[in-house]
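Engineer: One structure, pasted below without further comment.
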Amino acid sequence: MITLDYLIDLSTTDLIELARAVNEKADETRKDWYRVKGELERRMEEAGATMLEGDGATAELQTTPKYAWDDDILLSEVKPHLRPSDWEYAVVEGEPRPVLKAQTVRLKSLAKKLGPNHPASKGIENAMRVTAATKIVLTETK
């Protein structure tokens, strides 16, 4: 493990070289992790399971929703039906225009507040793309 005290004493050249080496090792480790994760997922799928148990360890597949937003729909179907303050609360417009940063929790809350028949609520529903994000949780068992 690299300590801060060790890093402080390094020359700039040595620090840069260490950074390159650690970064290369991190890239290799990340690639190894994706291969291992893929094999765990393959075995879970093959077994029709979301958890694998070994001697003293488990691997569990957890899924959470991941949201993406269609900027064109937000601009055409949502923005015209909202007060400017509600739009600014739920969506951050960036440069160059139109680059949007949709605030998922705020947009979903706003749609709920407006009700299902409001044109902006329908636009929010049309603009939202939900996919699944998965992660593997590893635990030791006794």
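All residue names refer to the structure tokens as shown: chains lettered A, B, ... in order, residues numbered from 1 in each chain, ligands numbered from 1 in order.
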Using only C-alpha atoms, what does the table of region 5-106 of chain A residues within 8 Å of region 115-132 of chain A look like, with each row giving the shortest atom pair and its distance in Å to one decimal, sorted by chain and ascending number, as JSON lines?
Structural biologist:
```
{"residue": "A:Thr63", "atom": "CA", "partner": "A:Ala132", "partner_atom": "CA", "distance": 6.1}
{"residue": "A:Thr64", "atom": "CA", "partner": "A:Ala132", "partner_atom": "CA", "distance": 5.7}
{"residue": "A:Pro65", "atom": "CA", "partner": "A:Ala132", "partner_atom": "CA", "distance": 4.7}
{"residue": "A:Lys66", "atom": "CA", "partner": "A:Thr131", "partner_atom": "CA", "distance": 5.1}
{"residue": "A:Tyr67", "atom": "CA", "partner": "A:Val130", "partner_atom": "CA", "distance": 4.7}
{"residue": "A:Ala68", "atom": "CA", "partner": "A:Arg129", "partner_atom": "CA", "distance": 5.0}
{"residue": "A:Trp69", "atom": "CA", "partner": "A:Met128", "partner_atom": "CA", "distance": 4.9}
{"residue": "A:Asp70", "atom": "CA", "partner": "A:Ala127", "partner_atom": "CA", "distance": 4.8}
{"residue": "A:Asp71", "atom": "CA", "partner": "A:Ala127", "partner_atom": "CA", "distance": 7.3}
{"residue": "A:Ile73", "atom": "CA", "partner": "A:Ala127", "partner_atom": "CA", "distance": 5.3}
{"residue": "A:Leu74", "atom": "CA", "partner": "A:Ala127", "partner_atom": "CA", "distance": 6.0}
{"residue": "A:Glu77", "atom": "CA", "partner": "A:Gly123", "partner_atom": "CA", "distance": 4.8}
{"residue": "A:Val78", "atom": "CA", "partner": "A:Ala120", "partner_atom": "CA", "distance": 4.5}
{"residue": "A:Lys79", "atom": "CA", "partner": "A:Ala120", "partner_atom": "CA", "distance": 7.4}
{"residue": "A:Pro80", "atom": "CA", "partner": "A:Ala120", "partner_atom": "CA", "distance": 7.9}
{"residue": "A:His81", "atom": "CA", "partner": "A:Ala120", "partner_atom": "CA", "distance": 5.4}
{"residue": "A:Leu82", "atom": "CA", "partner": "A:Ala120", "partner_atom": "CA", "distance": 6.8}
```
Engineer: Extract, using only C-alpha atoms, all DNA, RNA and protein residues at most 12 Å from region 20-26 of chain A, discarding same-chain residues fewer than 6 positions from it, and format them as a list in words.
Structural biologist: Met1, Ile2, Thr13, Asp14, Asp32 and Trp33 of chain A
Engineer: Using only C-alpha atoms for the distances, tell me which of A:Thr134, A:Lys142, A:Val99, A:Arg83 is nearest to Gly38 (chain A).
Structural biologist: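 Nearest to Gly38 (chain A): A:Thr134.
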Engineer: Quick check for you: according to DSSP on this backbone, which residues of region 1-109 of chain A are classed as alpha helix (DSSP H)? Reply as a ChimeraX atom specification.
Structural biologist: /A:4-8,12-47,71-73,84-90,104-109
Engineer: Restricting the calculation to only C-alpha atoms, which member of A:Glu140, A:Glu39, A:Glu17, A:Glu88 is positioned closest to Leu107 (chain A)?
Structural biologist: A:Glu88
